[in-house]
Each structure stands twice: as C-alpha cells, then as structure tokens.
Amino acid sequence: MLIVSPKAWHIYDAGDFSLLCTTNPPDDTQWSSGDFLNTEQVVIYGSNGSAYLFRLPLKPAKRSQLPGSVADSQHFRRTISSTGTGNIPAVLFGVMKVPNATPLACEPAWTIFRSPKSTGQYPFRVENYIVRGDARGRILVWAIPEYTKEELTTITDGKAAVPEHTPMETTDMDTEWDRLTRRLPGLIDRAEFEDGGALKITSSLYAPIHGRMFLGMEDGAIIMLPALQKLSTQLFIGKKPSDMPVYRFLRGHEGKVTALLYPNQDDQRYDPGMLISGGIDFTVRVWDLYQCQLQHTFVCQAGEILQLITPPSGCNARVLHSICSIASDHSVALLSLKERKAIMMASRHVFPIQAVKWRPVDDFLLVQCTDGTVYVWQMETGHLDRVVQGGAAEDVMRAVDEEFGEGNGNGFANDVGGNTTLQLFRAIKHRNMDAVRQAAKTGLKNLGGNAAGGGANDGWSKTFFGHPLTVQPVRSSPLDQENHLLLFDVEALVLQLLQEENRTDLISDIGKNTPRTDGKPAEWRSSSTIPGSASSAATSAADQYHSKPPQKQIAFATEGMSMTVEVAQLLVSLLYAWGLDPEMDRLCVEKLGMLQPKQAVNYGIISKSGYMTLLLPTSIHRKSIELPQPQERIRDMLATITRGHWSISNTLTTVHLVALVSVANTLMNIQNATFHSDYEKRRKLHRRLMRMDTKAGQGSGPAPELTQGLGGGYSTSEAAQTFTEQQAQIKQTWSQLTAMHCVLLSERLGYENFKPPDVEVMLRRWQDRCLEIRTASQALILSELRRMGGSGRRHLIEQWAMYLPNFTANESAPLSEMRSASAASNAIPDTPASEQLSNEDEDFEELQHEPTVSDPSLPSLYSVEYRKKQSTAIILLGIIGAEFGPETQLSVSRSPSIDAMKAKQETMSVTDPVIRQVAKALSHIVINPDERLQPFSSLRRSAVDLLGRGFLAWEPFVDIAQILLSLLRLTLDGDRQVTIPTGVPLTPAQDMARAARHALEMLASVRPPVFITVMNTEIARHNSLVQSAQTLNVNLNNATIVRAKEELLRILDMLINKHPQSVADLIVEAVEIVIHSLDPGRIKTHGLVELFPPVGRFPMIAFCKQNRRIAVGSKKGGVYICELRGVKMQSYGGHAQPVSSCEFSPDGKHLATFSCKEGKLLFWQIGATLFGLGSTQPRCVKTCKAVSVSFQNWPELKDHAEYRMARQRWVSNKDVMVILANGKEERYSL
C-alpha cells in the first residue's frame, strides 16, 4: 500500500500495516501524489511539476531487521523487527523533467496510460506512459523506459547518473491557437462593421423560439442577429454575407452589457416581445423587440449587474410579474415589470452573492454568500427574517433543494411541490395533526401514481418539447465570451419536425384519428386527459404548441422553410461525410439542399452527468475552403475534414451516426422533405391539394403554384407528374445517404481512418423513447454486428457471457389464471397503480434480480455496476441470438459443410448453452413475477422486442403460455392510456403496448400453430374456471383472456391474411377463439361471417341462423358442431380425410360435409324439439360417393390452396351442389 504525504512517501504492508519503505523528497519540492508502475516500481509526483521513478528494495539492507518491500521477492517479510524504524529508502532511477518549466497556479494533474502492447517506435521498449496536464492548457506525455537489470544496477550503485527524460509529445493550447492561420468563425466579424474596430462580446443570449441571437457589446450596444442564417454563412460554402438581413441594434447602456435575459424563454407568463439587459452602468433596461425601442430603465443598485433571473411559478402574483437582479454591490433586487418599480431591495450582504433560491410557500427569498452565510428575506415586505451561518446554513439550502427539486443554472428551483417525507417530518415535529393528515394523503397519492406532479417523474415530461438548437457561450477566461457552443437536441429536433409537418392536420381534424409514422393511430383528445398523468403533461404541451394563437413575427427564417428545418439542415450538413463519393455529394447539394462546410468543426460530447468533452483546434482546422477553387481541391479538402471527423473516438462516431440517420429518416418519412425553399413550398401545396381531393372526392382544379420553378410550358398535370418524379428521386437520395453511413462508411473511409460505433453505447438506445432514434440505433447495431463477422460476434459473446444472470435455480412456478384473475379483480380498473410508477427511459435500467453468480460480499457500488453489466449482456446477447442464431442454425442444417460448421462455431446456435441463459433471462423480465422490476422500463421493452424477434431460438427454453399471456397483458395495459397526437412521444405504457403488440405479431407469424393452440388451451382453462367461479368466489371478468378479445381477433385476422393454410389446419381451435372473442348474442342475430369476415375464406365453416349452430370440419376428418346456447364444441366422426366444406340447408335441418381427398359427401340431420326448446344429437343420415380430388387427377388445381378446393351451395332443402376450384359442379340429393 502506497501512502504519499508532502514530506515523505511510504510503503506499508496491506496485511498488518507495518512500514516497509520510506523516502523523503528533494530539498526544492514536496510530494503530491503517486502510483504503482508495477510490483517493483512506483512513480511519485512532485509539486515542482516533475515525476520521479523509484525502484522498491527487493531485500533488506545489510545488518537490518526490516523486510523487503516487494511482495514477490523471497526476502519479503522473512525477518522483521518490531523496533524497526522503516527508513529503508527506495532507489531513484529516473526523473521526468519539464523543459523551460514555469510556475503554475495549481498542481498539475497526472495519470498513467498502460499500453496493452509494446511498440518499437522508440529506442527503448515502452509499456507505460505518464501524462501530465496543467492549468496553462499543456499536455505532456512521457514514455517510461524499461531498463535491464545491469542498467538498473549501474544506476543504483552510483556508477551512472540518474537519467532525466524529456516529454515525447507536448501539446499547448496557446500554441495551437497561435498556429491557426485563419481565425475560427464566430457569430460576428469585424469587417461587418463600418469602423472595423475590435468589438468585444461581453454577454450573449440565444432565443430559440425566434431564432435570434442577442449579443451585448463592450460599447453598450445590443446586437440582434438571425442565428441560423449567420451560422450558415460562417460555416458553409455558397452563403454570402450579402444574403444576410441587416442587423438591429439596441443602444442605451453607457458601458458594456453584462447580463441578458429573455423572460418568455423561462416562463410563458412574460411578454414574448420583451428583452431585459443589465450593464456596467448600474442599470437594468427593458426593451421592446417588436419596435426595437427602450421601454423602461431601472436604476436602484450601486454596482455592475451580474445576473438576471426569473422567479419560479408558485410565488405571489406581484412577484410573478417581476425579475430578480443581482449586482456587484452584493445586493439583490426584485424589479416589477408590471408596476415598473423595485418591489424589494436586499442590500445587507457583506460578501459577494453565490446563489439565490426561493421558498414560495413561506414567501422567502434565500441569498447565499461566498462565506457560507444565508440571508432569508421576506419577498412581500422586504424585511430580513434571519441570518443563518455554518452548518445550519448548509442544512437550509439543502432542505430547499430536497423540497423543491434540483435547482437550475440560475440558482433556484423549478418545481413548487413539496417532498412528502420532509412535510411529514416537520408536521410531526411541530405536532400539527392537520399537516400530518395532508402529508399522509399526499404520500398515498404519490404511491398510487395519482399525484398532481407525478407526470414529472415518469421518464418523459416537458423536456421532450425542448429546443432543437441552443447556442451557449463558453468562457476561456472571465473576460472572453466570444466562443460559443452549438448544442443540438436530436430528440427535440425529430419531434418538432413531426409536429410541424402534422400541424395543419391536427388543427383541421381535431377529434379525428391522425396517423403516426409507426402506423399506430392517434386521437386528439385534449379534453379527456388524466390530470397529473404523463399524457396530460405531453398533451397540454402539444396544445400550447399547436393551438397557440399566432403572435407577431420576430423570427428570421428562410422563406418557405421553418426554423426547425433550418436546424436540421445545419446538423445534417455538419455530420455528413463529404468528399467520399462525388456523385453522392452532388445529389445531396442539388436534390436535398445540403450545404458543404468551409472548414473542420470542433465537436464535443455532453455526458448525462453534465460533463463536456470538446475537441480543440488541430492542424485540420488551419485550412479553410474559399471560393473560387477547383472542384478537385474542394473535394480533397472535404475528404480530409471527413477523415478527421470520423477518426476521433468511438463514442463520437456513435452519437453522430445515430443523430444523422434518425434525422434523415424523419425527413424522408414526412413526404420526402428537403432543404430547398422552392421545393418545400410546392411539396406543402401538393399535400394540401391531395387532402382536399380526398375530402371532396374530386379534382381540386388547376394549381398554377405547382409549376413554379419548373420553367414555362408545364400544365398542372405535367407539373404534378414532374413533382411525383422529384419525390421519388429525393426519397432515393435520402435512402442512399442512410445506407452510406450505416453500411458503407467504414469501407469508404478505410478501417484505419474510422472509429467504429460503440455497440454498448448504442444498446442504450435499442428501445429509446423516440421512435426515430430507436429505429436508427437498431439499424446501426445490426449493421455493426454484421460488419464484425462471425469471429467478432463470438468475441462479444465470450466477453459478455460471464455477466448473464442464472435464473435456472430461482425459477418461479407458473402463475395460474386464477391468481391472475383474482389479482386483477382487486386492482383499480381505470388507472392501475403499476402504470404510474416512475420510469426513467434516459437510463438503461439495471436488472433488480439478485443473480446466483454474484458475490453477496461485494460492495454495493460494484453490485450496481455489475447489474448494469447484466442488463447490457442480456440485450446484446439477445440481439445476437435473435438476429444471427436461427439463421446460422438453418444454414448449418441445410449444408453441413466445413464453412457452415465454422460459422456455427463463430456465433450462437440453438444448441449453445448461452442461448438458454439468454432465453431464461428474457422470459423472466417479461413475465416479471418480481414486482421490483419496473413495469414499463426500457429493459423490459427490449426483452419484449427480442422475444418476438428471436422466438425460433428461445422457443425450446421458455414457457410459451406465460409469454403470450404476459404480452397480451402488456398490450392491454398500454391501451388504457390516453392517445396523444402525432409528433408527441408515446408514454412508457403506450410504448410498451406497441412493443408487446409487435412481438405478438412476430411470434404468431413464425409459429401460427403454437399461438392458436396456446390461446385455445387458455380459453378452455378459463371456461372451466367460469363454471366454478361462484364456488371459488373469484371475479374472472378482468382476466387477461377476457380483456384481450379484440387483440385476439386482430392477430387472428393477420394470420388468416398471411398464413391461411396454417389456420385451416387448426380451424376448429381458430373458430373457438373467434366464438370466445365475439358476443354470442350478436352471433345469433348477425351471423359469424358478418361479425368477423375473415372466416368467410374457409368453406369448412358454416353457420345457420335457424338452428343457431356453427359447424366446422377439421383436418382429421371430424365434424364439430357448436350450439351458441352452450358455447361448447361437440365432435362427430364421419370422414377419414380432411373436411373440405360444410354447409347448412336453408331450413337448418340438415348439414352437408364434403371431403375432396376422400371423395365422400355426408348428409347430417340436425334435429330440434317443439318450439326449438331442445335438440337431439346430430346424426349422419346418408353417405354419397364422390370423385376423389387430388393434384394427380386434377393438375389444373395445383395452383389453388388446399383449403379452398371445394365449396357447397344448397339448391333446395334436399339438393346440394358441390363446386370445385376448377369450376366443375356435382349435384347430390338427400
């Protein structure tokens, strides 16, 4: 164990903590930290910025009782004296020196990079690297040499001087910036102003609603510029500064502008045409953006305005119409925008202000200073209530955070609801019984999922309706604000594209179904939302988005294109791989309207924890493309930029590919949108005319606007035909773009210039809450797995198989239908509590099951990480097994060659023991007997999807009945949620229902007999329970098999259309499912075919309204007759071969059954007693010999389906006509 202190570093025995070695620092430095290089060597870092390499003593010194310090040596702990002082020094054998070292403001950061392989690029053999980073923006890298024993002996004996090593690589941020021959583009250029002076940006603000950028300048002016058009001019070829609108200036401050605030961006209660600014002249000014005029000036503070923030909702009405101003004189002011005066002034703070928080319930404003003191002010009266210091101040600020949620960047909390635990604790402490009852009632509502604020914790909230683009300043120093970041929210961009495309339909068709991109119908039901639910939050936000009355136009947008489309153009043009395919580049520019970049862009990534990684300028950024230049040179420079882009990191490649493919698919799905303004006008007009034609049912007349941009001589019909051809070309271009980045990118770039996407990162998006991002992630994962080949997939299997949980020993017994029915009867039928549980889909949920392979003694942190690894392993191996396991098994069975056997060894097959573990894990997650698992989590949704995809591989290892019932239950639970309009994301329950419905369809498609047989068995079990329901005192009305009637009919309809012969083989079981799913009373009055037309395709099914019976001929030759009064099938033998057709006589007294293969026709007597109150058993009264129909005898019938070989038609009550598929008829008489 290594312990480093400023005066010495020590080596202790980790067993009994006895001192083994100690070493003092040189005279001019102190030790700061250290690390082990290997078991015999350590590196110690000094405060002077150098690193020292030491070798531990292998054996004790002469005449010393202390042990050796290396655990692997034979002298370690051999002899030890309890009186030893432990002053055996280590041997210094190397110093990592910094040339031209300068004093640092703080100690540098050190790390060791351990190379997995040695390299021969240097004169010595390298295994480890030491990396140092300091506050001056320098990164230094040393290669640690490995000396031989002779060299070390020479150095330790003093025969040779201790070598000093210089860095092998040095990167300096200042040097890199100075090496730039052309300054990186910014939001403004000096040449754009008449005086050409060096104007400095002192503050900046981006208003995404209007697409405007507000820049506070050093001379007191505020510049308003259209951000999107300006960014396009600065970053892309073909945009000229003359194309930009004229800037607008707001002049009034007498010094630099230090703070800007657009209140409407924080809350809709503020006027959208209002801008607030603060300056060094101690003033806060209110501007009218519509008229570009100054409305009011507040002068009430004696210092520079540092920050402007808005109060949260929940405050009193007077405070809600005000803003909070923080000045450098340590004062805080509440400025009323309505009364145009200061309503509170807090100016007794001794130290600078660090944070401002709010407590609207008590009308308190809490101000925290840099010394830790908290001042509590009353907002209504402006009096200082108390001053809290020390630990009490920290507790007060922490309590506000816990009660109102985490604060945002402005230093205050967003939410106003209280934490029920804290409320209950305070109520008990103050002995307030009314407060105790109220807190208990709120807590019970939260547990039941009916809390008013429950929608904020269900995994999707109003964050879905964020802004696609945010421009945020980055300060490299306190005085520099010229650097800006472009933060793209791909999820918000996709959703707003869908919303804008369907905005006209939603407004004109309120209350009607609107199609989603996934084919799921959605309804506009703004008045039927559940208060406090997730769908209520989403629908209310959609109401604001779609039905908000139009306001004055402030935005600068390209004519014919919305700001959202311009953001998409900006993102796609930056991420596209330019220069790899000249023909594809030409199509993207001409057909899609994309823009070619001028120079390389600095990319970055923001983690979930809020940490940002940003690529600084390198040699690629020193070159820029200026027109005019030859196309070959432009293409070469674009290819250089592209190679630098996709060779940075695996994570960056993953994020950019997902973003590019998802946005491209979205634009292709919304009727092939492009970035050409003229084409967008014609596309929207064409869509409007098509909708008018659909409503009116006739032509809409001439449309001269369709001929715009096509030249003269085009009629309306020719323009429509040309537009249709353009749409096909655009769709093909979008498809080629996605295929190029999904499949061909690594080949075009070369594997040495391409960092492949990280599969583990993409797995977290396998079931993303945004459908478009989910589709892109799945396509990229499958493409990457195919690119790996069999050996790469086998490596992944071996790498992740160790994390698979073992559910074999802990498998629970199957749940009976009785238990499910009784549990369902006790649940609330309208809003089950399980639907309102918290579900954060941003995170990849961990598996809450305690695996048998985990060690109970492991630390909790390791256990959490291990469970996350389990979730990743289940999904990854599930994808490999579902997509590549059955394919390999089929190929091996068809061609047992050497290549096929090799392919079997390289991937998963049905006989692989890993696939059994994966199947058990997926089954356990879907069936979910453990309530600790999230009901609608992304992990469970992924398991549902994979069960449907790879059912052929999982079938031998899962309980099919439980899987089907669980999928049906998930489908039904999701359908209870309120349907939301197009463009609004699905709730977790609705998304789960969509996944379960799709899995049911895939499962039923690959194994129709299994689905029909299992469902028929469950129906028979349910019918038997119904007969004894009163005795068992259970309610079976909420059983899954009862609630799933419509779903069963839908799947059966799908099977009849796709696999009619499979349904015909089990026609008796299929009819029983239909009878169970339909109302017997309606069958009696309307008939079976009228209620469920798909069964009319099968001639072996007959229904008679006179005797209210259903007859079905089975494949085994039996005749099944069902009386709707008893809803039970009775079997009667008669044929030895499959029954081809059945038909009742017009009076309902006889039934004719015909078998083609057997060549026999039977007449059955269906008797009834007086008034139809009773009946007798059907019996065969006549057998007629007919011609046997087979493909050998009738070759013209080979193309006909087996189940449609013949049908019957009664000519009279005694005569029946058999009509074969080839049109020949035979008549038989009773």
# chains A, B, ... in the order shown; residues from 1 in each chain; ligands from 1
$ residues_around --residues "His998 of chain A" --least-positions-apart "2" --cutoff "12 Å" --atoms "only C-alpha atoms" --output "PDB file with N, CA, C and O atoms, in the first residue's frame"
ATOM      1  N   ASP A 518     -45.294   5.432 -37.186  1.00  0.00           N
ATOM      2  CA  ASP A 518     -45.156   3.996 -36.975  1.00  0.00           C
ATOM      3  C   ASP A 518     -46.418   3.242 -37.330  1.00  0.00           C
ATOM      4  O   ASP A 518     -46.516   2.046 -37.051  1.00  0.00           O
ATOM      5  N   GLY A 519     -47.420   3.925 -37.883  1.00  0.00           N
ATOM      6  CA  GLY A 519     -48.627   3.245 -38.281  1.00  0.00           C
ATOM      7  C   GLY A 519     -49.658   3.118 -37.188  1.00  0.00           C
ATOM      8  O   GLY A 519     -50.737   2.605 -37.410  1.00  0.00           O
ATOM      9  N   LYS A 520     -49.386   3.593 -35.976  1.00  0.00           N
ATOM     10  CA  LYS A 520     -50.329   3.488 -34.869  1.00  0.00           C
ATOM     11  C   LYS A 520     -51.255   4.686 -34.893  1.00  0.00           C
ATOM     12  O   LYS A 520     -50.803   5.828 -34.902  1.00  0.00           O
ATOM     13  N   ARG A 941     -38.941  -3.490 -22.124  1.00  0.00           N
ATOM     14  CA  ARG A 941     -39.396  -3.290 -23.501  1.00  0.00           C
ATOM     15  C   ARG A 941     -38.437  -3.938 -24.485  1.00  0.00           C
ATOM     16  O   ARG A 941     -38.856  -4.499 -25.501  1.00  0.00           O
ATOM     17  N   SER A 942     -37.146  -3.859 -24.193  1.00  0.00           N
ATOM     18  CA  SER A 942     -36.163  -4.521 -25.056  1.00  0.00           C
ATOM     19  C   SER A 942     -36.325  -6.032 -25.007  1.00  0.00           C
ATOM     20  O   SER A 942     -36.218  -6.712 -26.038  1.00  0.00           O
ATOM     21  N   VAL A 944     -39.100  -7.659 -24.438  1.00  0.00           N
ATOM     22  CA  VAL A 944     -40.311  -7.973 -25.210  1.00  0.00           C
ATOM     23  C   VAL A 944     -39.998  -7.986 -26.700  1.00  0.00           C
ATOM     24  O   VAL A 944     -40.398  -8.901 -27.440  1.00  0.00           O
ATOM     25  N   ASP A 945     -39.252  -6.988 -27.154  1.00  0.00           N
ATOM     26  CA  ASP A 945     -38.910  -6.912 -28.574  1.00  0.00           C
ATOM     27  C   ASP A 945     -38.044  -8.095 -29.002  1.00  0.00           C
ATOM     28  O   ASP A 945     -38.271  -8.689 -30.068  1.00  0.00           O
ATOM     29  N   LEU A 946     -37.076  -8.473 -28.193  1.00  0.00           N
ATOM     30  CA  LEU A 946     -36.176  -9.565 -28.567  1.00  0.00           C
ATOM     31  C   LEU A 946     -36.870 -10.916 -28.510  1.00  0.00           C
ATOM     32  O   LEU A 946     -36.531 -11.816 -29.283  1.00  0.00           O
ATOM     33  N   LEU A 947     -37.822 -11.075 -27.611  1.00  0.00           N
ATOM     34  CA  LEU A 947     -38.581 -12.328 -27.595  1.00  0.00           C
ATOM     35  C   LEU A 947     -39.358 -12.518 -28.890  1.00  0.00           C
ATOM     36  O   LEU A 947     -39.464 -13.634 -29.411  1.00  0.00           O
ATOM     37  N   GLY A 948     -39.902 -11.431 -29.417  1.00  0.00           N
ATOM     38  CA  GLY A 948     -40.609 -11.548 -30.689  1.00  0.00           C
ATOM     39  C   GLY A 948     -39.683 -11.751 -31.862  1.00  0.00           C
ATOM     40  O   GLY A 948     -39.988 -12.510 -32.787  1.00  0.00           O
ATOM     41  N   ARG A 949     -38.517 -11.093 -31.845  1.00  0.00           N
ATOM     42  CA  ARG A 949     -37.585 -11.217 -32.959  1.00  0.00           C
ATOM     43  C   ARG A 949     -36.987 -12.616 -33.056  1.00  0.00           C
ATOM     44  O   ARG A 949     -36.835 -13.151 -34.147  1.00  0.00           O
ATOM     45  N   LEU A 967     -47.530 -10.876 -22.763  1.00  0.00           N
ATOM     46  CA  LEU A 967     -47.572  -9.920 -23.865  1.00  0.00           C
ATOM     47  C   LEU A 967     -48.971  -9.354 -24.070  1.00  0.00           C
ATOM     48  O   LEU A 967     -49.138  -8.148 -24.321  1.00  0.00           O
ATOM     49  N   LEU A 968     -49.970 -10.201 -23.955  1.00  0.00           N
ATOM     50  CA  LEU A 968     -51.342  -9.704 -24.052  1.00  0.00           C
ATOM     51  C   LEU A 968     -51.660  -8.729 -22.930  1.00  0.00           C
ATOM     52  O   LEU A 968     -52.307  -7.698 -23.135  1.00  0.00           O
ATOM     53  N   LEU A 970     -49.553  -6.798 -21.279  1.00  0.00           N
ATOM     54  CA  LEU A 970     -48.855  -5.532 -21.517  1.00  0.00           C
ATOM     55  C   LEU A 970     -49.535  -4.726 -22.613  1.00  0.00           C
ATOM     56  O   LEU A 970     -49.601  -3.493 -22.545  1.00  0.00           O
ATOM     57  N   THR A 971     -50.047  -5.413 -23.630  1.00  0.00           N
ATOM     58  CA  THR A 971     -50.769  -4.707 -24.693  1.00  0.00           C
ATOM     59  C   THR A 971     -52.023  -4.038 -24.168  1.00  0.00           C
ATOM     60  O   THR A 971     -52.322  -2.889 -24.492  1.00  0.00           O
ATOM     61  N   ASP A 991     -45.805   2.880 -25.213  1.00  0.00           N
ATOM     62  CA  ASP A 991     -44.655   2.320 -25.921  1.00  0.00           C
ATOM     63  C   ASP A 991     -44.516   0.835 -25.632  1.00  0.00           C
ATOM     64  O   ASP A 991     -44.184   0.040 -26.519  1.00  0.00           O
ATOM     65  N   MET A 992     -44.754   0.445 -24.379  1.00  0.00           N
ATOM     66  CA  MET A 992     -44.703  -0.969 -24.045  1.00  0.00           C
ATOM     67  C   MET A 992     -45.796  -1.739 -24.775  1.00  0.00           C
ATOM     68  O   MET A 992     -45.576  -2.858 -25.263  1.00  0.00           O
ATOM     69  N   ALA A 993     -46.985  -1.158 -24.860  1.00  0.00           N
ATOM     70  CA  ALA A 993     -48.073  -1.818 -25.585  1.00  0.00           C
ATOM     71  C   ALA A 993     -47.735  -1.964 -27.063  1.00  0.00           C
ATOM     72  O   ALA A 993     -48.034  -2.997 -27.676  1.00  0.00           O
ATOM     73  N   ARG A 994     -47.109  -0.960 -27.636  1.00  0.00           N
ATOM     74  CA  ARG A 994     -46.710  -1.052 -29.040  1.00  0.00           C
ATOM     75  C   ARG A 994     -45.692  -2.168 -29.241  1.00  0.00           C
ATOM     76  O   ARG A 994     -45.793  -2.955 -30.193  1.00  0.00           O
ATOM     77  N   ALA A 995     -44.693  -2.242 -28.339  1.00  0.00           N
ATOM     78  CA  ALA A 995     -43.688  -3.297 -28.456  1.00  0.00           C
ATOM     79  C   ALA A 995     -44.290  -4.673 -28.244  1.00  0.00           C
ATOM     80  O   ALA A 995     -43.964  -5.635 -28.944  1.00  0.00           O
ATOM     81  N   ALA A 996     -45.195  -4.797 -27.261  1.00  0.00           N
ATOM     82  CA  ALA A 996     -45.830  -6.091 -26.999  1.00  0.00           C
ATOM     83  C   ALA A 996     -46.711  -6.515 -28.171  1.00  0.00           C
ATOM     84  O   ALA A 996     -46.745  -7.698 -28.540  1.00  0.00           O
ATOM     85  N   LEU A1000     -46.132  -9.852 -30.348  1.00  0.00           N
ATOM     86  CA  LEU A1000     -47.196 -10.848 -30.561  1.00  0.00           C
ATOM     87  C   LEU A1000     -47.354 -11.164 -32.045  1.00  0.00           C
ATOM     88  O   LEU A1000     -47.531 -12.327 -32.432  1.00  0.00           O
ATOM     89  N   GLU A1001     -47.311 -10.141 -32.874  1.00  0.00           N
ATOM     90  CA  GLU A1001     -47.452 -10.369 -34.310  1.00  0.00           C
ATOM     91  C   GLU A1001     -46.297 -11.209 -34.850  1.00  0.00           C
ATOM     92  O   GLU A1001     -46.518 -12.142 -35.640  1.00  0.00           O
ATOM     93  N   MET A1002     -45.065 -10.887 -34.447  1.00  0.00           N
ATOM     94  CA  MET A1002     -43.924 -11.669 -34.923  1.00  0.00           C
ATOM     95  C   MET A1002     -43.978 -13.101 -34.404  1.00  0.00           C
ATOM     96  O   MET A1002     -43.691 -14.056 -35.143  1.00  0.00           O
ATOM     97  N   LEU A1003     -44.345 -13.261 -33.139  1.00  0.00           N
ATOM     98  CA  LEU A1003     -44.417 -14.604 -32.561  1.00  0.00           C
ATOM     99  C   LEU A1003     -45.485 -15.429 -33.258  1.00  0.00           C
ATOM    100  O   LEU A1003     -45.272 -16.605 -33.594  1.00  0.00           O
ATOM    101  N   ALA A1004     -46.654 -14.833 -33.487  1.00  0.00           N
ATOM    102  CA  ALA A1004     -47.721 -15.561 -34.164  1.00  0.00           C
ATOM    103  C   ALA A1004     -47.384 -15.845 -35.625  1.00  0.00           C
ATOM    104  O   ALA A1004     -47.808 -16.872 -36.177  1.00  0.00           O
ATOM    105  N   SER A1005     -46.604 -14.964 -36.253  1.00  0.00           N
ATOM    106  CA  SER A1005     -46.276 -15.174 -37.666  1.00  0.00           C
ATOM    107  C   SER A1005     -45.308 -16.331 -37.860  1.00  0.00           C
ATOM    108  O   SER A1005     -45.443 -17.101 -38.815  1.00  0.00           O
ATOM    109  N   GLU A1047     -57.838  -7.988 -29.284  1.00  0.00           N
ATOM    110  CA  GLU A1047     -56.474  -8.267 -29.709  1.00  0.00           C
ATOM    111  C   GLU A1047     -56.365  -9.651 -30.338  1.00  0.00           C
ATOM    112  O   GLU A1047     -55.641  -9.844 -31.322  1.00  0.00           O
ATOM    113  N   ARG A1050     -57.693  -9.436 -33.823  1.00  0.00           N
ATOM    114  CA  ARG A1050     -56.773  -8.722 -34.710  1.00  0.00           C
ATOM    115  C   ARG A1050     -55.634  -9.634 -35.157  1.00  0.00           C
ATOM    116  O   ARG A1050     -55.274  -9.663 -36.340  1.00  0.00           O
ATOM    117  N   ILE A1051     -55.051 -10.371 -34.224  1.00  0.00           N
ATOM    118  CA  ILE A1051     -53.951 -11.262 -34.581  1.00  0.00           C
ATOM    119  C   ILE A1051     -54.450 -12.409 -35.463  1.00  0.00           C
ATOM    120  O   ILE A1051     -53.776 -12.826 -36.410  1.00  0.00           O
ATOM    121  N   MET A1054     -54.739 -11.182 -38.901  1.00  0.00           N
ATOM    122  CA  MET A1054     -53.419 -11.111 -39.526  1.00  0.00           C
ATOM    123  C   MET A1054     -52.941 -12.492 -39.970  1.00  0.00           C
ATOM    124  O   MET A1054     -52.381 -12.646 -41.062  1.00  0.00           O
TER     125      MET A1054
END
$ select_by_dssp --residues "segment 191-362 of chain A" --states "helix (DSSP H, G or I)" --output "count of residues only"
22
$ residues_around --residues "Trp800 of chain A" --least-positions-apart "3" --cutoff "12 Å" --atoms "only C-alpha atoms" --output "ChimeraX atom specification"
/A:760,793-797,803-805,866,868-878,880,914,918
$ closest_atom_pairs --of "segment 219-310 of chain A" --to "segment 324-344 of chain A" --cutoff "6 Å" --atoms "only C-alpha atoms" --output "Markdown table"
| residue | atom | partner | partner_atom | distance |
| --- | --- | --- | --- | --- |
| A:Ala302 | CA | A:Asp329 | CA | 6.0 |
| A:Gly303 | CA | A:Asp329 | CA | 4.7 |
| A:Glu304 | CA | A:Ser328 | CA | 5.1 |
| A:Ile305 | CA | A:Ala327 | CA | 4.3 |
| A:Leu306 | CA | A:Ala327 | CA | 5.1 |
| A:Gln307 | CA | A:Ile326 | CA | 5.2 |
| A:Leu308 | CA | A:Ser325 | CA | 4.8 |
| A:Ile309 | CA | A:Cys324 | CA | 5.2 |
| A:Thr310 | CA | A:Cys324 | CA | 6.0 |
$ residues_around --residues "Lys920 of chain A" --least-positions-apart "4" --cutoff "7 Å" --atoms "only C-alpha atoms" --output "JSON, numbers by chain"
{"A": [807, 916, 924, 957, 958]}
$ closest_residue --among "A:Leu384, A:Asp636, A:Tyr603, A:Ile773" --to "Val658 of chain A" --atoms "only C-alpha atoms"
A:Ile773
